[in-house]
>>> print(open('input_0.cif').read())   # mmCIF, C-alpha atoms
data_query
loop_
_atom_site.label_atom_id
_atom_site.label_comp_id
_atom_site.auth_asym_id
_atom_site.auth_seq_id
_atom_site.Cartn_x
_atom_site.Cartn_y
_atom_site.Cartn_z
CA MET A 1 80.82 107.74 118.65
CA ASP A 2 83.66 108.53 116.25
CA GLN A 3 86.36 105.93 115.95
CA GLN A 4 90.01 106.83 115.79
CA VAL A 5 91.40 107.53 112.36
CA GLY A 6 92.67 104.35 110.74
CA GLU A 7 90.62 102.11 113.05
CA PRO A 8 87.24 101.67 111.35
CA ALA A 9 85.22 98.62 112.20
CA SER A 10 85.23 96.04 109.44
CA GLY A 11 82.91 97.15 106.66
CA GLU A 12 81.88 100.34 108.42
CA PRO A 13 82.68 103.93 107.48
CA GLU A 14 85.07 105.72 109.78
CA GLN A 15 82.41 108.18 110.90
CA GLN A 16 79.06 106.82 109.91
CA THR A 17 76.30 109.30 110.65
CA LEU A 18 75.20 112.06 112.94
CA PHE A 19 72.75 109.67 114.59
CA ASP A 20 75.21 108.43 117.18
CA TRP A 21 76.39 111.74 118.55
CA ALA A 22 76.28 111.82 122.33
CA ASP A 23 74.98 115.39 122.22
CA ALA A 24 72.39 114.74 119.50
CA GLU A 25 68.78 115.62 120.14
CA ALA A 26 65.91 113.16 120.04
CA PRO A 27 64.86 112.20 116.50
CA GLY A 28 62.71 114.93 115.00
CA ALA A 29 63.82 117.62 117.41
CA ALA A 30 65.25 120.89 116.15
CA PRO A 31 69.06 121.11 116.28
CA ALA A 32 70.45 123.03 119.22
CA LYS A 33 71.77 126.57 118.81
CA THR A 34 74.45 128.37 120.76
CA ALA A 35 73.65 131.03 123.33
CA ASP A 36 73.84 133.82 120.74
CA GLY A 37 71.43 131.98 118.47
CA THR A 38 73.82 130.83 115.73
CA PHE A 39 74.00 127.17 114.87
CA ARG A 40 77.25 127.39 112.87
CA ASP A 41 79.24 127.89 116.10
CA SER A 42 77.49 125.13 118.06
CA PRO A 43 79.17 121.88 119.17
CA ARG A 44 76.96 119.94 116.80
CA ALA A 45 78.04 122.01 113.82
CA ARG A 46 81.66 121.52 114.79
CA ARG A 47 81.12 117.78 114.78
CA MET A 48 80.10 118.11 111.14
CA LEU A 49 82.94 120.43 110.17
CA ASP A 50 86.00 121.01 112.33
CA VAL A 51 88.53 122.42 109.87
CA ARG A 52 92.18 121.67 110.65
CA GLU A 53 93.71 122.18 107.20
CA VAL A 54 92.96 124.52 104.29
CA TYR A 55 94.15 124.21 100.71
CA ALA A 56 93.70 127.54 98.96
CA GLU A 57 94.44 129.41 95.78
CA PRO A 58 96.23 132.70 96.63
CA ALA A 59 93.48 134.72 94.94
CA ALA A 60 90.89 133.00 97.10
CA LEU A 61 92.80 133.86 100.26
CA ASP A 62 93.08 137.49 99.20
CA SER A 63 89.37 137.90 98.45
CA PRO A 64 86.92 139.40 100.99
CA ARG A 65 85.08 136.08 101.30
CA GLY A 66 88.34 134.20 101.73
CA GLN A 67 89.41 136.59 104.46
CA GLN A 68 86.02 136.18 106.15
CA ILE A 69 86.41 132.40 106.14
CA MET A 70 89.98 132.46 107.42
CA SER A 71 89.11 134.91 110.20
CA ARG A 72 87.00 132.12 111.69
CA LEU A 73 89.86 129.61 111.42
CA PRO A 74 92.72 131.11 113.43
CA GLY A 75 95.83 128.98 113.52
CA VAL A 76 94.61 126.52 110.89
CA LYS A 77 97.31 125.19 108.57
CA VAL A 78 97.09 126.72 105.07
CA THR A 79 98.68 125.17 101.99
CA GLU A 80 98.64 127.37 98.89
CA VAL A 81 97.87 125.56 95.64
CA GLU A 82 97.84 126.61 92.01
CA GLY A 83 94.29 125.39 91.49
CA HIS A 84 91.49 123.94 93.56
CA TRP A 85 90.96 121.01 91.19
CA GLY A 86 93.25 118.00 91.28
CA ILE A 87 95.43 118.76 94.32
CA PRO A 88 97.92 115.85 94.23
CA SER A 89 98.15 115.25 97.98
CA LEU A 90 94.36 115.37 98.29
CA HIS A 91 92.60 114.18 95.15
CA GLY A 92 95.53 112.20 93.76
CA ASN A 93 96.42 110.21 96.88
CA ASP A 94 94.71 106.81 97.02
CA GLY A 95 95.73 106.52 100.67
CA ASN A 96 93.02 109.06 101.43
CA ILE A 97 90.27 106.50 100.76
CA ALA A 98 90.64 105.08 104.27
CA ARG A 99 90.08 108.63 105.61
CA TRP A 100 87.22 109.48 103.25
CA ALA A 101 84.84 110.78 105.92
CA ARG A 102 87.52 112.24 108.18
CA ILE A 103 88.95 114.39 105.40
CA LYS A 104 85.46 115.80 104.86
CA THR A 105 85.42 116.81 108.52
CA ASP A 106 88.77 118.50 108.85
CA THR A 107 89.76 119.71 105.36
CA LEU A 108 88.55 122.73 103.40
CA VAL A 109 89.52 123.91 99.93
CA LEU A 110 89.17 127.56 98.83
CA GLY A 111 89.18 128.43 95.17
CA VAL A 112 88.03 130.93 92.57
CA LYS A 113 85.40 129.86 90.06
CA HIS A 114 86.78 131.14 86.77
CA SER A 115 84.15 129.79 84.37
CA LEU A 116 80.77 131.31 85.14
CA SER A 117 78.03 129.81 83.04
CA THR A 118 74.38 128.97 83.49
CA ARG A 119 73.19 125.98 81.53
CA PRO A 120 69.67 124.76 80.76
CA ASN A 121 68.27 121.81 82.70
CA GLY A 122 64.50 121.43 82.32
CA ARG A 123 64.23 118.58 84.82
CA SER A 124 64.45 119.62 88.45
CA ALA A 125 65.13 123.26 87.52
CA ASP A 126 64.98 125.40 84.42
CA TRP A 127 68.62 126.38 84.83
CA ILE A 128 71.73 125.20 86.65
CA ALA A 129 73.45 128.27 88.08
CA PRO A 130 77.21 128.39 88.63
CA GLY A 131 77.57 126.78 92.04
CA ALA A 132 79.34 128.48 94.92
CA SER A 133 80.83 125.17 96.07
CA ASN A 134 81.88 121.71 94.98
CA GLY A 135 82.06 118.76 97.34
CA CYS A 136 80.56 118.31 100.78
CA ALA A 137 81.27 117.58 104.43
CA MET A 138 78.64 114.86 104.28
CA ALA A 139 79.56 111.55 102.67
CA CYS A 140 76.54 110.01 100.96
CA ALA A 141 77.81 106.78 99.42
CA TYR A 142 76.04 107.33 96.08
CA CYS A 143 77.01 110.99 95.56
CA TYR A 144 77.94 111.78 91.97
CA VAL A 145 80.23 114.74 92.75
CA PRO A 146 83.38 112.74 93.69
CA ARG A 147 83.23 110.55 90.60
CA ARG A 148 85.70 112.80 88.78
CA LYS A 149 87.73 113.96 91.78
CA GLY A 150 89.75 110.94 92.81
CA PHE A 151 90.38 109.94 96.39
CA ALA A 152 89.01 112.80 98.49
CA ASN A 153 85.96 115.04 98.24
CA PRO A 154 85.86 117.71 100.97
CA ILE A 155 84.10 121.04 100.49
CA THR A 156 85.60 123.40 97.96
CA LEU A 157 84.19 126.90 98.46
CA PHE A 158 84.44 129.49 95.72
CA THR A 159 85.22 132.87 97.21
CA ASN A 160 84.32 135.09 94.25
CA ILE A 161 80.69 135.08 95.31
CA GLU A 162 80.13 138.64 94.10
CA ALA A 163 80.90 137.56 90.53
CA ILE A 164 78.66 134.49 90.85
CA VAL A 165 75.74 136.55 92.14
CA ALA A 166 76.23 139.21 89.46
CA HIS A 167 76.25 136.54 86.76
CA VAL A 168 73.00 135.03 88.05
CA ARG A 169 71.31 138.44 88.24
CA ARG A 170 72.25 139.20 84.63
CA HIS A 171 71.02 135.82 83.45
CA VAL A 172 67.67 136.11 85.24
CA ARG A 173 67.04 139.59 83.89
CA ALA A 174 67.93 138.49 80.36
CA GLN A 175 65.21 135.82 80.42
CA GLY A 176 62.35 138.17 81.19
CA PRO A 177 59.10 136.70 82.55
CA LYS A 178 58.56 132.97 82.18
CA PRO A 179 56.31 132.54 79.15
CA GLU A 180 54.41 129.41 80.27
CA PRO A 181 54.20 126.92 83.14
CA ASN A 182 56.32 123.78 83.16
CA GLN A 183 57.23 120.97 85.57
CA CYS A 184 59.84 123.18 87.26
CA ASP A 185 57.42 125.91 88.29
CA PRO A 186 54.20 127.45 86.97
CA GLU A 187 55.45 131.05 87.09
CA ALA A 188 59.11 131.49 87.99
CA TRP A 189 62.34 130.49 86.31
CA VAL A 190 63.95 128.00 88.73
CA TYR A 191 67.73 128.11 89.23
CA ASP A 192 69.48 125.26 91.00
CA ILE A 193 72.18 126.94 93.11
CA GLY A 194 73.61 123.80 94.74
CA GLU A 195 74.19 121.22 92.03
CA ASN A 196 77.60 120.05 93.30
CA GLY A 197 77.32 120.68 97.03
CA ASP A 198 74.88 121.13 99.89
CA CYS A 199 74.03 124.78 100.53
CA SER A 200 72.93 124.06 104.11
CA VAL A 201 76.37 122.70 104.97
CA ASP A 202 78.17 125.48 103.07
CA ALA A 203 76.40 127.93 105.37
CA LEU A 204 78.36 126.50 108.30
CA VAL A 205 81.50 128.02 106.81
CA CYS A 206 80.55 131.31 105.19
CA ASP A 207 77.76 133.46 103.77
CA ASN A 208 77.77 132.21 100.17
CA THR A 209 74.38 130.56 100.60
CA ALA A 210 72.99 133.62 102.36
CA ASP A 211 74.20 135.88 99.55
CA LEU A 212 72.49 133.77 96.89
CA ILE A 213 69.23 133.57 98.84
CA ASP A 214 69.38 137.33 99.39
CA ALA A 215 69.90 137.94 95.66
CA PHE A 216 66.78 136.01 94.66
CA LYS A 217 64.61 138.14 96.97
CA THR A 218 64.89 140.93 94.42
CA LEU A 219 64.34 138.76 91.33
CA PRO A 220 60.55 138.46 90.97
CA THR A 221 60.72 136.26 87.87
CA ALA A 222 62.99 133.60 89.40
CA LYS A 223 63.48 131.24 92.33
CA ALA A 224 66.59 129.66 93.77
CA SER A 225 66.43 125.93 94.49
CA PHE A 226 68.66 123.50 96.31
CA ALA A 227 68.41 119.98 97.69
CA THR A 228 69.69 119.24 101.18
CA LYS A 229 70.15 116.42 103.65
CA PHE A 230 71.29 118.67 106.48
CA VAL A 231 69.09 120.77 108.75
CA ASN A 232 70.81 124.09 109.42
CA PRO A 233 68.54 126.33 111.52
CA ASP A 234 70.66 129.40 110.70
CA LEU A 235 68.91 129.42 107.32
CA LEU A 236 65.63 130.23 109.07
CA ALA A 237 66.86 133.78 109.73
CA LEU A 238 67.56 134.66 106.07
CA ASP A 239 64.06 135.89 105.04
CA PRO A 240 63.86 134.33 101.54
CA ARG A 241 60.39 135.81 100.87
CA GLY A 242 59.23 132.81 98.91
CA ARG A 243 62.00 133.06 96.33
CA THR A 244 64.01 130.00 97.43
CA ARG A 245 62.84 126.40 97.21
CA VAL A 246 64.39 123.98 99.70
CA ARG A 247 64.13 120.33 98.65
CA PHE A 248 64.58 118.02 101.63
CA SER A 249 65.87 114.67 100.40
CA VAL A 250 64.25 111.71 102.14
CA MET A 251 64.51 107.93 101.98
CA PRO A 252 63.65 105.05 104.33
CA ALA A 253 65.54 105.42 107.58
CA ASP A 254 67.39 102.10 107.32
CA ASP A 255 68.72 103.06 103.89
CA ALA A 256 69.73 106.49 105.18
CA ARG A 257 71.64 105.04 108.12
CA LEU A 258 73.73 102.99 105.73
CA LEU A 259 74.02 105.33 102.74
CA ASP A 260 73.47 108.92 103.93
CA VAL A 261 76.70 109.12 105.89
CA ARG A 262 77.07 112.14 108.22
CA THR A 263 73.68 113.61 107.34
CA SER A 264 70.78 114.78 109.50
CA PRO A 265 68.40 111.94 110.38
CA VAL A 266 65.48 111.63 107.95
CA PRO A 267 62.85 112.33 110.68
CA GLU A 268 64.69 115.57 111.48
CA ARG A 269 64.61 116.66 107.83
CA ILE A 270 60.88 116.00 107.68
CA ALA A 271 60.25 117.78 110.99
CA ALA A 272 62.09 120.86 109.69
CA ALA A 273 59.73 121.33 106.74
CA ALA A 274 57.14 123.42 108.61
CA ASP A 275 59.80 125.65 110.18
CA PHE A 276 61.32 126.39 106.78
CA LEU A 277 57.93 127.06 105.24
CA ASP A 278 57.08 129.46 108.06
CA ALA A 279 60.43 131.19 107.54
CA GLY A 280 59.49 132.03 103.95
CA TYR A 281 60.87 129.13 101.93
CA GLU A 282 58.99 126.98 99.49
CA VAL A 283 59.45 123.42 100.73
CA HIS A 284 59.52 120.40 98.44
CA PHE A 285 60.84 116.87 98.88
CA ASN A 286 63.24 114.70 96.92
CA LEU A 287 62.41 111.01 97.15
CA SER A 288 66.01 110.27 96.49
CA PRO A 289 67.63 108.04 95.72
CA VAL A 290 65.23 105.14 95.41
CA VAL A 291 67.36 102.05 96.03
CA LEU A 292 65.87 98.72 94.99
CA ARG A 293 66.47 95.91 97.48
CA PRO A 294 64.32 93.36 99.33
CA GLY A 295 61.63 95.17 101.31
CA TRP A 296 62.01 98.51 99.55
CA GLU A 297 58.29 98.84 98.81
CA ARG A 298 57.30 98.23 102.45
CA ASP A 299 59.82 100.73 103.75
CA TRP A 300 58.87 103.42 101.25
CA ALA A 301 55.21 102.90 102.16
CA ASP A 302 56.13 103.44 105.82
CA LEU A 303 58.05 106.61 104.97
CA LEU A 304 55.20 108.06 102.91
CA ALA A 305 52.72 107.23 105.69
CA HIS A 306 55.02 109.03 108.13
CA LEU A 307 55.06 112.12 105.89
CA ASP A 308 51.26 112.03 105.81
CA ASP A 309 51.02 111.64 109.58
CA VAL A 310 53.42 114.37 110.72
CA LEU A 311 53.34 117.13 108.12
CA PRO A 312 50.87 119.93 108.78
CA ALA A 313 48.31 120.89 106.18
CA ARG A 314 50.14 124.08 105.22
CA VAL A 315 53.19 122.07 104.18
CA LYS A 316 51.13 119.54 102.21
CA GLU A 317 49.23 122.25 100.34
CA GLN A 318 52.36 123.62 98.68
CA ALA A 319 54.55 120.52 98.57
CA ALA A 320 55.75 118.70 95.49
CA ALA A 321 58.34 116.00 95.01
CA GLU A 322 60.97 114.63 92.70
CA ILE A 323 61.54 110.89 92.38
CA ILE A 324 65.15 110.06 91.57
CA MET A 325 66.17 106.45 91.03
CA LEU A 326 69.67 105.45 92.01
CA THR A 327 72.50 106.21 89.60
CA HIS A 328 75.91 104.76 90.40
CA ASN A 329 79.38 104.66 88.86
CA ARG A 330 82.13 102.05 88.69
CA SER A 331 84.93 104.34 89.87
CA LEU A 332 82.87 105.45 92.86
CA HIS A 333 82.02 101.81 93.54
CA GLU A 334 85.72 101.05 93.75
CA VAL A 335 86.37 104.00 96.08
CA ASN A 336 83.48 102.93 98.32
CA LEU A 337 84.90 99.43 98.63
CA GLY A 338 87.88 101.05 100.35
CA TRP A 339 85.96 102.90 103.06
CA HIS A 340 82.35 101.67 103.22
CA PRO A 341 81.94 98.29 101.47
CA ARG A 342 78.60 97.51 103.11
CA ALA A 343 77.02 100.32 101.12
CA GLU A 344 77.95 98.55 97.92
CA ASP A 345 75.78 95.57 98.89
CA LEU A 346 72.84 97.85 98.09
CA LEU A 347 74.30 100.15 95.47
CA TRP A 348 76.12 97.73 93.18
CA GLN A 349 73.65 95.22 91.67
CA PRO A 350 74.85 94.25 88.18
CA ASP A 351 71.98 91.80 87.71
CA ILE A 352 69.44 94.63 87.51
CA GLN A 353 71.65 97.50 86.36
CA GLU A 354 72.93 98.64 82.99
CA THR A 355 75.46 101.17 81.74
CA LYS A 356 74.13 104.44 80.41
CA ARG A 357 75.68 107.75 79.41
CA SER A 358 74.32 110.60 81.54
CA GLN A 359 73.26 114.04 80.35
CA ASN A 360 76.67 115.44 81.35
CA GLY A 361 78.50 112.82 79.26
CA ALA A 362 79.56 110.59 82.15
CA LEU A 363 79.29 106.80 81.80
CA ASN A 364 77.23 105.63 84.76
CA VAL A 365 75.27 102.62 85.99
CA ARG A 366 71.48 102.76 86.36
CA TYR A 367 68.69 100.29 86.83
CA ALA A 368 67.73 98.50 83.62
CA LEU A 369 64.91 100.30 81.84
CA GLU A 370 62.14 97.77 82.51
CA THR A 371 63.20 97.39 86.15
CA LYS A 372 63.20 101.15 86.59
CA GLN A 373 59.81 101.61 84.94
CA ARG A 374 58.20 98.96 87.12
CA ALA A 375 59.69 100.52 90.25
CA LEU A 376 58.51 104.01 89.32
CA ALA A 377 55.00 102.72 88.66
CA ARG A 378 54.96 100.96 92.01
CA LEU A 379 56.21 104.04 93.85
CA ARG A 380 53.51 106.15 92.21
CA ASP A 381 50.95 103.63 93.45
CA LEU A 382 52.34 103.92 96.97
CA LEU A 383 52.16 107.70 96.78
CA GLU A 384 48.54 107.58 95.66
CA ARG A 385 47.71 105.29 98.59
CA HIS A 386 49.73 106.90 101.38
CA ALA A 387 50.39 110.54 100.37
CA PRO A 388 47.97 111.51 97.59
CA TRP A 389 48.58 115.19 98.30
CA LEU A 390 52.24 114.93 97.23
CA ARG A 391 52.36 116.04 93.63
CA ILE A 392 55.19 114.57 91.55
CA ARG A 393 57.00 117.29 89.63
CA TYR A 394 59.64 115.11 88.13
CA ALA A 395 60.64 111.44 88.03
CA PHE A 396 63.95 110.18 86.74
#
>>> encode(input="input_0.cif", output="structure tokens")
Amino acid sequence: MDQQVGEPASGEPEQQTLFDWADAEAPGAAPAKTADGTFRDSPRARRMLDVREVYAEPAALDSPRGQQIMSRLPGVKVTEVEGHWGIPSLHGNDGNIARWARIKTDTLVLGVKHSLSTRPNGRSADWIAPGASNGCAMACAYCYVPRRKGFANPITLFTNIEAIVAHVRRHVRAQGPKPEPNQCDPEAWVYDIGENGDCSVDALVCDNTADLIDAFKTLPTAKASFATKFVNPDLLALDPRGRTRVRFSVMPADDARLLDVRTSPVPERIAAAADFLDAGYEVHFNLSPVVLRPGWERDWADLLAHLDDVLPARVKEQAAAEIIMLTHNRSLHEVNLGWHPRAEDLLWQPDIQETKRSQNGALNVRYALETKQRALARLRDLLERHAPWLRIRYAF
């Protein structure tokens, strides 16, 4: 159960996971819906996101999407801000570290995304689309998004979704048909629409995710793609018609309980794969992040065997996976020490890590090259033994 704010157990996050909810279903069961069939208004969804305070740019409040969001939050305190980035009382207040997870539960930021650009990727996706959000209500201890934000990282939703969708449509049409297959997809241009947030969680608040999925229905040369650690059954009603790829992130359950704070249990993510496939999504998996610690090979072998045991043939036939080794960051390490130090026992391992500049220019910490290469080779061996049907699209 949740502890009172300011009274976390020693070394534990204030609100660790969704596993301990009194109203949670059995592992692997589908999340409950409300009587009218919408999950976003269910008690379980409100445990994930129960907004009590909104920081908003005036233009975001005045927009149709902003008005839609606020209509569902009657009586919530609103503080107008000049910009969504760097709000002093939120991102600049180191006292917020002790409330890291709680702020994600009760605080929402609304902004306008002024710079709309699509940049090439070539790894997980061909292109990174301008995201409709930044930040998340979940609190994965290794998440790269808060590394530049400071001391709080709740959801920021961008309300000018019409401009974002229009930009993506123009970009897709300008590319024309994909000239040749690559690791992203054999036929379609793949656009990551959730680089800095989780689209499944965003859908608890508004229709930004639905609007993007709807847009890709009519773009026969492209697919949307997003990774998620949250099972939101409302997405099953959106009719993506095969033009959106959902990548369920999975890791050994013990790692997830410690590191994937406030997420859906890993068995639930795996169990949702067939439902999402049947609803018209392409379903892939992210083996992410791979954290090296004593027993990691055994636990990954168990996870892969579980995938093989429970996934139906129709899921396996179309599935592919990304392997993503842990990347960490000193500033995030220091923030984590203030709210969840036990996570750093796994994440911060200087003896086997080295500093490396990432593709986006950030200076991060990754496993030393030889250590990483050996681990990737071992994980490929485990896949060949326990889940040979799971094609690896990308390993990093």
>>> resolve_selection(input="input_0.cif", expression="the PyMOL selection byres ((chain A and resi 226-240) around 9)", output="ChimeraX atom specification")
/A:30-33,37-40,45,138,191-195,197-201,203-204,209-210,213-214,216-217,224-225,241-250,260,262-266,268-269,272,275-276,278-281,284-286
>>> resolve_selection(input="input_0.cif", expression="the PyMOL selection byres ((chain A and resi 106) around 6)", output="PDB file with C-alpha atoms, in the frame of the given file")
ATOM      1  CA  ASP A  50      86.000 121.010 112.330  1.00  0.00           C
ATOM      2  CA  VAL A  51      88.530 122.420 109.870  1.00  0.00           C
ATOM      3  CA  ARG A  52      92.180 121.670 110.650  1.00  0.00           C
ATOM      4  CA  ILE A 103      88.950 114.390 105.400  1.00  0.00           C
ATOM      5  CA  LYS A 104      85.460 115.800 104.860  1.00  0.00           C
ATOM      6  CA  THR A 105      85.420 116.810 108.520  1.00  0.00           C
ATOM      7  CA  THR A 107      89.760 119.710 105.360  1.00  0.00           C
TER       8      THR A 107
END
>>> atom_distance(input="input_0.cif", atom1="CA of Ile324 (chain A)", atom2="CA of Pro146 (chain A)")
18.5 Å
>>> closest_residue(input="input_0.cif", among="A:Glu187, A:Glu384, A:Asp211, A:Glu282", to="Asp126 (chain A)", atoms="only C-alpha atoms")
A:Glu187
>>> atom_distance(input="input_0.cif", atom1="CA of Arg99 (chain A)", atom2="CA of Val76 (chain A)")
19.2 Å
>>> atom_distance(input="input_0.cif", atom1="CA of Arg257 (chain A)", atom2="CA of Ala313 (chain A)")
28.3 Å
>>> residues_near_point(input="input_0.cif", point="(49.6, 111.4, 96.9)", cutoff="12 Å", atoms="all atoms listed in the file", output="list in words")
Ala301, Leu304, Ala305, Leu307, Asp308, Lys316, Glu317, Ala319, Ala320, Ala321, Leu379, Arg380, Asp381, Leu382, Leu383, Glu384, Arg385, His386, Ala387, Pro388, Trp389, Leu390, Arg391, Ile392 and Arg393 of chain A
>>> write_last_selection(input="input_0.cif", atoms="C-alpha atoms", output="compact mmCIF listing (two decimals), in the frame of the given file")
# COMPACT_ATOMS: atom_id res chain seq x y z
CA ALA A 301 55.21 102.90 102.16
CA LEU A 304 55.20 108.06 102.91
CA ALA A 305 52.72 107.23 105.69
CA LEU A 307 55.06 112.12 105.89
CA ASP A 308 51.26 112.03 105.81
CA LYS A 316 51.13 119.54 102.21
CA GLU A 317 49.23 122.25 100.34
CA ALA A 319 54.55 120.52 98.57
CA ALA A 320 55.75 118.70 95.49
CA ALA A 321 58.34 116.00 95.01
CA LEU A 379 56.21 104.04 93.85
CA ARG A 380 53.51 106.15 92.21
CA ASP A 381 50.95 103.63 93.45
CA LEU A 382 52.34 103.92 96.97
CA LEU A 383 52.16 107.70 96.78
CA GLU A 384 48.54 107.58 95.66
CA ARG A 385 47.71 105.29 98.59
CA HIS A 386 49.73 106.90 101.38
CA ALA A 387 50.39 110.54 100.37
CA PRO A 388 47.97 111.51 97.59
CA TRP A 389 48.58 115.19 98.30
CA LEU A 390 52.24 114.93 97.23
CA ARG A 391 52.36 116.04 93.63
CA ILE A 392 55.19 114.57 91.55
CA ARG A 393 57.00 117.29 89.63
>>> closest_residue(input="input_0.cif", among="A:Leu369, A:Ile155, A:Cys143, A:Ile161", to="Pro64 (chain A)", atoms="only C-alpha atoms")
A:Ile161
>>> resolve_selection(input="input_0.cif", expression="the PyMOL selection byres ((chain A and resi 375) around 12)", output="number ranges by chain")
A: 290-293, 296-297, 300, 323-326, 352, 367-374, 376-382, 395-396
>>> residues_around(input="input_0.cif", residues="Asn153 (chain A)", least_positions_apart="4", cutoff="9 Å", atoms="all atoms listed in the file", output="list of chain:residue names")
A:Leu90, A:His91, A:Trp100, A:Ala101, A:Ile103, A:Lys104, A:Asn134, A:Gly135, A:Cys136, A:Ala137, A:Ala139, A:Val145, A:Pro146, A:Lys149
